[in-house]
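Engineer: You'll find protein.txt just under this line, and it carries compact mmCIF, C-alpha atoms.
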# COMPACT_ATOMS: atom_id res chain seq x y z
CA ARG C 8 -27.18 34.77 -16.17
CA GLY C 9 -29.67 32.76 -14.15
CA ARG C 10 -32.40 34.33 -12.02
CA ALA C 11 -34.30 32.76 -9.18
CA PRO C 12 -37.68 31.60 -10.51
CA PRO C 13 -40.90 32.21 -8.60
CA THR C 14 -41.84 28.67 -7.68
CA PRO C 15 -40.00 25.90 -5.76
CA ARG C 16 -40.36 23.48 -8.65
CA SER C 17 -38.92 25.84 -11.25
CA LEU C 18 -36.16 26.82 -8.81
CA MET C 19 -35.13 23.17 -8.55
CA LEU C 20 -35.21 22.81 -12.34
CA GLY C 21 -33.05 25.90 -12.65
CA LEU C 22 -30.54 24.59 -10.14
CA LEU C 23 -30.46 21.21 -11.89
CA ALA C 24 -29.77 22.99 -15.17
CA LEU C 25 -26.82 24.62 -13.48
CA CYS C 26 -25.37 21.15 -12.84
CA HIS C 27 -24.87 20.84 -16.59
CA ALA C 28 -22.78 24.02 -16.92
CA ALA C 29 -19.18 23.53 -17.96
CA ILE C 30 -16.32 25.73 -16.86
CA PRO C 31 -14.22 28.11 -18.97
CA PRO C 32 -11.15 26.70 -20.66
CA ALA C 33 -7.81 27.59 -19.08
CA PRO C 34 -5.18 29.55 -21.04
CA SER C 35 -2.98 26.46 -21.22
CA SER C 36 -3.87 22.81 -21.74
CA SER C 37 -1.21 21.98 -19.14
CA ALA C 38 -3.30 23.48 -16.30
CA ALA C 39 -3.55 20.92 -13.51
CA TRP C 40 -7.35 21.04 -13.32
CA MET C 41 -7.63 20.13 -17.00
CA GLN C 42 -5.83 16.83 -16.42
CA ARG C 43 -7.88 13.70 -15.84
CA SER C 44 -5.23 12.56 -13.37
CA HIS C 45 -5.97 15.63 -11.22
CA TRP C 46 -9.44 14.23 -10.39
CA ILE C 47 -9.51 10.45 -10.80
CA PRO C 48 -7.55 9.46 -7.65
CA HIS C 49 -10.01 11.30 -5.37
CA ASN C 50 -13.46 10.35 -4.06
CA ASP C 51 -16.61 12.37 -4.82
CA SER C 52 -16.33 14.57 -1.71
CA GLU C 53 -12.73 15.52 -2.44
CA ARG C 54 -13.51 16.21 -6.10
CA THR C 55 -16.46 18.42 -5.15
CA ALA C 56 -14.34 20.40 -2.68
CA ARG C 57 -11.66 20.96 -5.34
CA PHE C 58 -14.29 21.96 -7.86
CA MET C 59 -15.95 24.52 -5.57
CA ARG C 60 -12.58 26.10 -4.71
CA LEU C 61 -11.75 26.34 -8.39
CA LEU C 62 -14.93 28.15 -9.50
CA PRO C 63 -13.92 31.79 -8.73
CA SER C 64 -10.65 31.54 -10.64
CA LEU C 65 -12.53 30.22 -13.65
CA GLY C 66 -15.06 33.02 -13.81
CA LEU C 67 -18.05 31.25 -12.28
CA HIS C 68 -19.94 33.18 -9.62
CA CYS C 69 -22.45 31.07 -7.68
CA PRO C 70 -22.32 32.38 -4.09
CA LYS C 71 -25.49 30.67 -2.87
CA VAL C 72 -25.19 27.38 -4.75
CA GLY C 73 -23.60 24.17 -3.56
CA VAL C 74 -23.58 20.48 -4.43
CA SER C 75 -25.48 17.95 -2.34
CA THR C 76 -28.15 15.26 -2.55
CA PHE C 77 -31.88 15.84 -2.49
CA TRP C 78 -35.06 13.80 -2.44
CA TYR C 79 -36.65 13.29 -5.87
CA PRO C 80 -40.27 12.36 -5.08
CA SER C 81 -41.34 11.15 -8.53
CA ILE C 82 -38.87 8.24 -8.39
CA GLY C 83 -38.59 7.94 -4.62
CA ARG C 84 -34.82 8.31 -4.56
CA ARG C 85 -32.12 10.74 -3.51
CA LEU C 86 -30.12 12.29 -6.35
CA ARG C 87 -27.01 14.45 -6.44
CA GLY C 88 -27.22 17.96 -7.81
CA ALA C 89 -27.06 21.70 -7.21
CA VAL C 90 -28.80 23.04 -4.10
CA ALA C 91 -29.44 26.47 -2.62
CA LEU C 92 -27.19 27.10 0.39
CA GLU C 93 -29.13 30.20 1.49
CA PRO C 94 -32.59 31.68 0.82
CA ILE C 95 -32.77 33.17 -2.67
CA ALA C 96 -35.00 36.16 -3.25
CA LYS C 97 -37.31 36.51 -6.22
CA HIS C 98 -35.36 37.78 -9.26
CA GLU C 99 -32.05 37.51 -7.39
CA GLU C 100 -29.16 36.42 -9.58
CA VAL C 101 -28.40 32.80 -8.75
CA CYS C 102 -25.34 32.01 -10.81
CA VAL C 103 -23.22 33.50 -13.57
CA VAL C 104 -21.87 30.98 -16.11
CA PRO C 105 -20.63 32.17 -19.53
CA LEU C 106 -22.93 30.67 -22.16
CA ALA C 107 -19.99 29.81 -24.40
CA ASN C 108 -18.56 27.60 -21.67
CA MET C 109 -21.63 25.49 -21.01
CA ILE C 110 -21.85 21.92 -22.22
CA SER C 111 -24.76 22.08 -24.63
CA PHE C 112 -25.76 20.99 -28.10
CA LEU C 113 -24.02 24.15 -29.34
CA SER C 114 -20.80 22.90 -27.71
CA VAL C 115 -21.04 19.70 -29.72
CA GLN C 116 -21.87 21.56 -32.94
CA ASN C 117 -18.73 23.67 -32.50
CA SER C 118 -16.51 20.65 -31.86
CA SER C 119 -14.99 18.00 -34.11
CA PHE C 120 -18.25 16.06 -33.65
CA ALA C 121 -19.91 18.40 -36.21
CA PRO C 122 -19.64 15.83 -39.06
CA VAL C 123 -21.29 13.24 -36.82
CA LEU C 124 -24.20 15.59 -36.16
CA ARG C 125 -24.73 16.11 -39.88
CA MET C 126 -25.44 12.40 -40.24
CA ALA C 127 -28.67 12.99 -38.32
CA ASP C 128 -29.77 16.16 -40.13
CA LYS C 129 -32.41 14.33 -42.16
CA ASP C 130 -33.69 12.27 -39.25
CA VAL C 131 -35.98 14.57 -37.26
CA SER C 132 -38.18 11.85 -35.74
CA GLN C 133 -36.11 11.79 -32.54
CA ARG C 134 -34.41 15.19 -32.72
CA GLY C 135 -34.70 15.88 -28.98
CA LEU C 136 -33.28 12.50 -28.06
CA TRP C 137 -30.49 12.82 -30.62
CA GLU C 138 -29.41 16.22 -29.26
CA ALA C 139 -29.23 14.79 -25.74
CA ALA C 140 -27.35 11.76 -27.08
CA ALA C 141 -24.86 14.01 -28.87
CA ILE C 142 -24.16 15.82 -25.59
CA SER C 143 -23.70 12.41 -23.97
CA LEU C 144 -21.14 11.37 -26.60
CA PHE C 145 -19.29 14.65 -26.04
CA ILE C 146 -19.21 14.07 -22.26
CA LEU C 147 -17.98 10.49 -22.71
CA ARG C 148 -15.16 11.66 -24.96
CA GLU C 149 -14.09 14.65 -22.87
CA GLY C 150 -14.19 12.57 -19.71
CA ALA C 151 -11.95 9.89 -21.20
CA ARG C 152 -9.29 12.25 -22.56
CA ASP C 153 -6.08 12.79 -20.62
CA SER C 154 -6.70 16.54 -20.79
CA SER C 155 -9.88 18.53 -21.44
CA PRO C 156 -11.17 22.05 -20.69
CA HIS C 157 -14.28 20.31 -19.34
CA ALA C 158 -12.41 17.91 -17.05
CA ALA C 159 -13.25 19.66 -13.78
CA TYR C 160 -17.00 19.71 -14.38
CA ILE C 161 -17.16 16.18 -15.78
CA HIS C 162 -15.03 14.52 -13.10
CA ALA C 163 -16.09 16.63 -10.11
CA SER C 164 -19.78 17.12 -10.82
CA PHE C 165 -21.27 15.08 -13.65
CA SER C 166 -19.55 11.81 -12.72
CA GLY C 167 -21.05 12.05 -9.25
CA HIS C 168 -24.46 11.14 -10.67
CA ASP C 169 -24.96 7.41 -10.17
CA PRO C 170 -26.88 5.85 -13.11
CA ALA C 171 -28.12 3.19 -10.68
CA SER C 172 -30.22 5.90 -9.03
CA ILE C 173 -32.05 6.61 -12.31
CA PRO C 174 -34.64 3.85 -12.92
CA LYS C 175 -34.86 4.23 -16.69
CA THR C 176 -31.17 3.37 -17.10
CA LEU C 177 -31.27 0.12 -15.12
CA PRO C 178 -30.59 -3.10 -17.08
CA PRO C 179 -33.89 -5.01 -17.50
CA ASP C 180 -32.27 -8.22 -16.24
CA SER C 181 -31.13 -6.63 -12.95
CA ASP C 182 -32.75 -7.17 -9.56
CA ALA C 183 -33.09 -3.40 -9.18
CA PHE C 184 -35.12 -3.21 -12.39
CA ARG C 185 -37.36 -6.09 -11.36
CA ALA C 186 -38.06 -4.28 -8.08
CA LEU C 187 -39.49 -1.26 -9.92
CA LYS C 188 -43.21 -0.65 -10.23
CA PRO C 189 -44.67 -1.97 -13.51
CA SER C 190 -45.40 1.56 -14.74
CA VAL C 191 -41.78 2.62 -14.11
CA GLN C 192 -40.51 -0.54 -15.83
CA ALA C 193 -42.64 0.29 -18.87
CA THR C 194 -41.22 3.82 -19.02
CA ALA C 195 -37.68 2.46 -18.71
CA ARG C 196 -38.23 -0.11 -21.47
CA ARG C 197 -39.55 2.58 -23.84
CA PHE C 198 -36.58 4.82 -23.12
CA GLN C 199 -34.04 2.05 -23.59
CA ALA C 200 -35.70 0.87 -26.80
CA ARG C 201 -35.46 4.39 -28.24
CA VAL C 202 -31.80 4.69 -27.25
CA ALA C 203 -31.01 1.25 -28.70
CA ALA C 204 -32.63 2.21 -32.01
CA LEU C 205 -30.71 5.49 -32.09
CA HIS C 206 -27.44 3.74 -31.27
CA GLN C 207 -27.91 1.20 -34.05
CA ARG C 208 -29.08 3.73 -36.65
CA LEU C 209 -26.72 6.64 -35.97
CA ILE C 210 -24.06 6.14 -33.31
CA ALA C 211 -22.65 2.78 -34.42
CA PRO C 212 -22.32 3.89 -38.08
CA ALA C 213 -20.81 7.20 -36.97
CA LEU C 214 -18.11 5.33 -35.05
CA GLN C 215 -17.11 3.64 -38.29
CA GLN C 216 -17.28 6.74 -40.47
CA HIS C 217 -15.71 9.31 -38.12
CA PRO C 218 -13.29 7.43 -35.81
CA ALA C 219 -10.98 10.42 -35.34
CA ALA C 220 -13.75 12.53 -33.80
CA PHE C 221 -14.64 9.85 -31.26
CA ALA C 222 -10.98 9.13 -30.40
CA GLU C 223 -9.81 12.75 -30.21
CA GLY C 224 -7.35 13.48 -27.43
CA GLY C 225 -6.64 9.80 -26.86
CA ALA C 226 -10.14 9.20 -25.51
CA CYS C 227 -10.13 5.69 -26.98
CA ASP C 228 -8.33 3.49 -29.49
CA PRO C 229 -10.30 3.17 -32.75
CA THR C 230 -8.01 0.36 -33.90
CA ALA C 231 -8.38 -1.84 -30.80
CA ALA C 232 -9.56 -5.28 -31.84
CA ALA C 233 -12.17 -7.38 -30.10
CA SER C 234 -11.01 -10.28 -27.95
CA ALA C 235 -11.42 -13.91 -28.93
CA ASP C 236 -14.88 -14.05 -27.32
CA GLY C 237 -16.00 -11.00 -29.27
CA ALA C 238 -15.91 -8.60 -26.33
CA ALA C 239 -14.63 -5.11 -27.03
CA SER C 240 -11.26 -4.08 -25.60
CA PRO C 241 -11.61 -1.72 -22.60
CA ARG C 242 -9.62 0.91 -24.52
CA SER C 243 -11.61 0.54 -27.73
CA CYS C 244 -14.00 3.20 -28.95
CA ALA C 245 -16.68 0.50 -29.18
CA SER C 246 -16.35 0.03 -25.43
CA LEU C 247 -16.35 3.73 -24.55
CA TYR C 248 -19.43 4.44 -26.68
CA SER C 249 -21.24 1.16 -26.05
CA LEU C 250 -25.02 1.09 -25.85
CA ARG C 251 -24.83 0.59 -22.06
CA ARG C 252 -22.47 3.57 -21.52
CA VAL C 253 -24.51 5.84 -23.78
CA THR C 254 -27.75 4.82 -22.05
CA GLU C 255 -26.34 5.59 -18.59
CA VAL C 256 -24.89 8.99 -19.52
CA LEU C 257 -27.97 9.95 -21.53
CA GLY C 258 -30.16 9.13 -18.54
CA VAL C 259 -28.17 11.63 -16.45
CA VAL C 260 -28.15 14.29 -19.19
CA GLN C 261 -31.91 14.15 -19.55
Mind turning the file's structure into C-alpha cells?

Structural biologist:
Amino acid sequence: RGRAPPTPRSLMLGLLALCHAAIPPAPSSSAAWMQRSHWIPHNDSERTARFMRLLPSLGLHCPKVGVSTFWYPSIGRRLRGAVALEPIAKHEEVCVVPLANMISFLSVQNSSFAPVLRMADKDVSQRGLWEAAAISLFILREGARDSSPHAAYIHASFSGHDPASIPKTLPPDSDAFRALKPSVQATARRFQARVAALHQRLIAPALQQHPAAFAEGGACDPTAAASADGAASPRSCASLYSLRRVTEVLGVVQ
C-alpha cells in the first residue's frame, strides 16, 4: 500500500514507482485483456483509457492517480507517467497494488527466468544494473507473447514511454545524441558501455544456454536463422533481446 510522501519530489518518485506496477493475473489465460491483440491495434490514448477502465475489476484501487505527461527538469523533456489527479493529503493512501502482482526482480526470480538469474549469482560488480536488466528481459518477453497476465500494463502503460525521450538510451551516432550537452553525452556513453558489457557477458550467453526461457509463450523463435547479410530475423530471440532493445527498455525501467 502506498502512502503520500511529505515532499513534492518524493511524491513524484512514488507516483513513478506506481507506473511499474503490474496487474493481477486473470482466472483464465483466455481473458481478452491478456491478449496482445487486445492492445496492439490501438493508439496510446485508447490503450490508456482501456487500462484505466480495467483497473477496478483487477483489484487495483488508485482513485486519485492518472496517466499523463509531465516536465522532467533534469533532462529538459516531458515524460509520460503517473500523475496526481487531485490534491493528496499527507499520509493519505495513494494506491493499492498487490505486491505479488508487481513487476519486480522478485517477479523474475519466480518465473522461468530463474536459471538465467543464477548465471549472474557470482557477479556482484553490477548487481543493481543486472536486476534492472533482468526486469527488462522479463518485460520484453511478456510484451512479445500472444498472451500474458502482464499484457495490460506492458501495452497500455509501459510501452507508452518513448526511449527517444530518455537521453541515455539515444544511439551515439544519432542527431539527437549529438545535440545533447557534453555532460549528458558522457553520462549516456557510460550507461551504454555498462549495458553493452552486461549484454556480452551475461545476456548473450544466457540466450544460448536457456533458449526456452527467452522464447516462452511464443515470444520469439530461438531457431530463426540470420539472413544472408548476418542480420537477425525479426522473429528471432536475438532480435527481441538485442543490445539496442535491452538498452531502450532498461533506460525506461531505471

Engineer: Please identify all polymer residues within 10 Å of region 177-192 of chain C, counting all atoms listed in the file, omitting same-chain residues fewer than 6 positions from it, and present them as a list in words.

Structural biologist: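 Close residues of region 177-192 of chain C: Ile82, Pro170, Ala171, Phe198, Gln199, Arg251, Thr254, Glu255 and Gly258 of chain C.
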
Engineer: I'd like the interatomic distance between CA of Ala159 (chain C) and CA of Leu147 (chain C), to a tenth of an Å.

Structural biologist: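 Between these atoms lies a distance of 13.6 Å.
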
Engineer: So that I can check the surroundings of Pro63 (chain C), please list as a VMD selection string every protein, DNA and RNA residue that reaches within 12 Å of it, counting all atoms listed in the file and ignoring chain neighbours fewer than 3 positions away.

Structural biologist: chain C and resid 30 to 31 57 to 60 66 to 70 102 to 104

Engineer: Around (-22.5, 18.0, -33.8), as given in the file, which residues come within 9 Å? Count only C-alpha atoms and list them as a list in words.

Structural biologist: Phe112, Leu113, Ser114, Val115, Gln116, Asn117, Ser118, Ser119, Phe120, Ala121, Pro122, Val123, Leu124, Arg125, Glu138, Ala141 and Ile142 of chain C

Engineer: State, in Å with one decimal place, the distance from CA of Gln42 (chain C) to CA of Ser155 (chain C).

Structural biologist: 6.7 Å

Engineer: Enter the distance from CA of Leu61 (chain C) to CA of Arg148 (chain C), in Å, rounded to one decimal.

Structural biologist: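 Going from CA of Leu61 (chain C) over to CA of Arg148 (chain C) covers 22.4 Å.
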
Engineer: Identify, on the basis of all atoms listed in the file, every residue whose closest approach to Cys244 (chain C) does not exceed 7 Å; exclude the query and any residue fewer than 4 positions from it along the same chain; express the result as a ChimeraX atom specification.

Structural biologist: /C:222,227-229,248

Engineer: With 8 Å as the threshold, what does the neighbourhood of (-21.6, 14.1, -21.9) contain in terms of residues, counting all atoms listed in the file? Coordinates are those of the file; answer as a short mmCIF file (atom, residue, chain, number, x, y, z; two decimals) with C-alpha atoms, in the coordinates of the input.

Structural biologist:
data_model
loop_
_atom_site.label_atom_id
_atom_site.label_comp_id
_atom_site.auth_asym_id
_atom_site.auth_seq_id
_atom_site.Cartn_x
_atom_site.Cartn_y
_atom_site.Cartn_z
CA ILE C 110 -21.85 21.92 -22.22
CA ALA C 141 -24.86 14.01 -28.87
CA ILE C 142 -24.16 15.82 -25.59
CA SER C 143 -23.70 12.41 -23.97
CA LEU C 144 -21.14 11.37 -26.60
CA PHE C 145 -19.29 14.65 -26.04
CA ILE C 146 -19.21 14.07 -22.26
CA LEU C 147 -17.98 10.49 -22.71
CA ARG C 148 -15.16 11.66 -24.96
CA GLU C 149 -14.09 14.65 -22.87
CA GLY C 150 -14.19 12.57 -19.71
CA ILE C 161 -17.16 16.18 -15.78
CA VAL C 256 -24.89 8.99 -19.52
CA LEU C 257 -27.97 9.95 -21.53
CA VAL C 260 -28.15 14.29 -19.19
#

Engineer: Here is a test: counting all atoms listed in the file, which residue of C:Pro105, C:Ser246, C:Val72, C:Glu53 is nearest to Val90 (chain C)?

Structural biologist: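 Going through C:Pro105, C:Ser246, C:Val72, C:Glu53 one by one, the smallest distance to Val90 (chain C) is for C:Val72.
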
Engineer: Do you know which residues are at most 8 Å from Leu86 (chain C) counting only C-alpha atoms, after dropping those on the same chain fewer than 5 positions away, and could you put them as a short mmCIF file (atom, residue, chain, number, x, y, z; two decimals) with C-alpha atoms, in the frame of the given file?

Structural biologist:
data_model
loop_
_atom_site.label_atom_id
_atom_site.label_comp_id
_atom_site.auth_asym_id
_atom_site.auth_seq_id
_atom_site.Cartn_x
_atom_site.Cartn_y
_atom_site.Cartn_z
CA THR C 76 -28.15 15.26 -2.55
CA PHE C 77 -31.88 15.84 -2.49
CA TRP C 78 -35.06 13.80 -2.44
CA TYR C 79 -36.65 13.29 -5.87
CA HIS C 168 -24.46 11.14 -10.67
CA SER C 172 -30.22 5.90 -9.03
#

Engineer: Taking into account only C-alpha atoms, which residue in the set C:Leu92, C:Ala39, C:Ala163, C:Leu106 is nearest to Thr55 (chain C)?

Structural biologist: C:Ala163

Engineer: Using all atoms listed in the file for the distances, tell me which of C:Ala158, C:Arg197, C:Val202, C:Arg152 is nearest to Phe221 (chain C).

Structural biologist: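 Using all atoms listed in the file, the shortest distance to Phe221 (chain C) belongs to C:Arg152.
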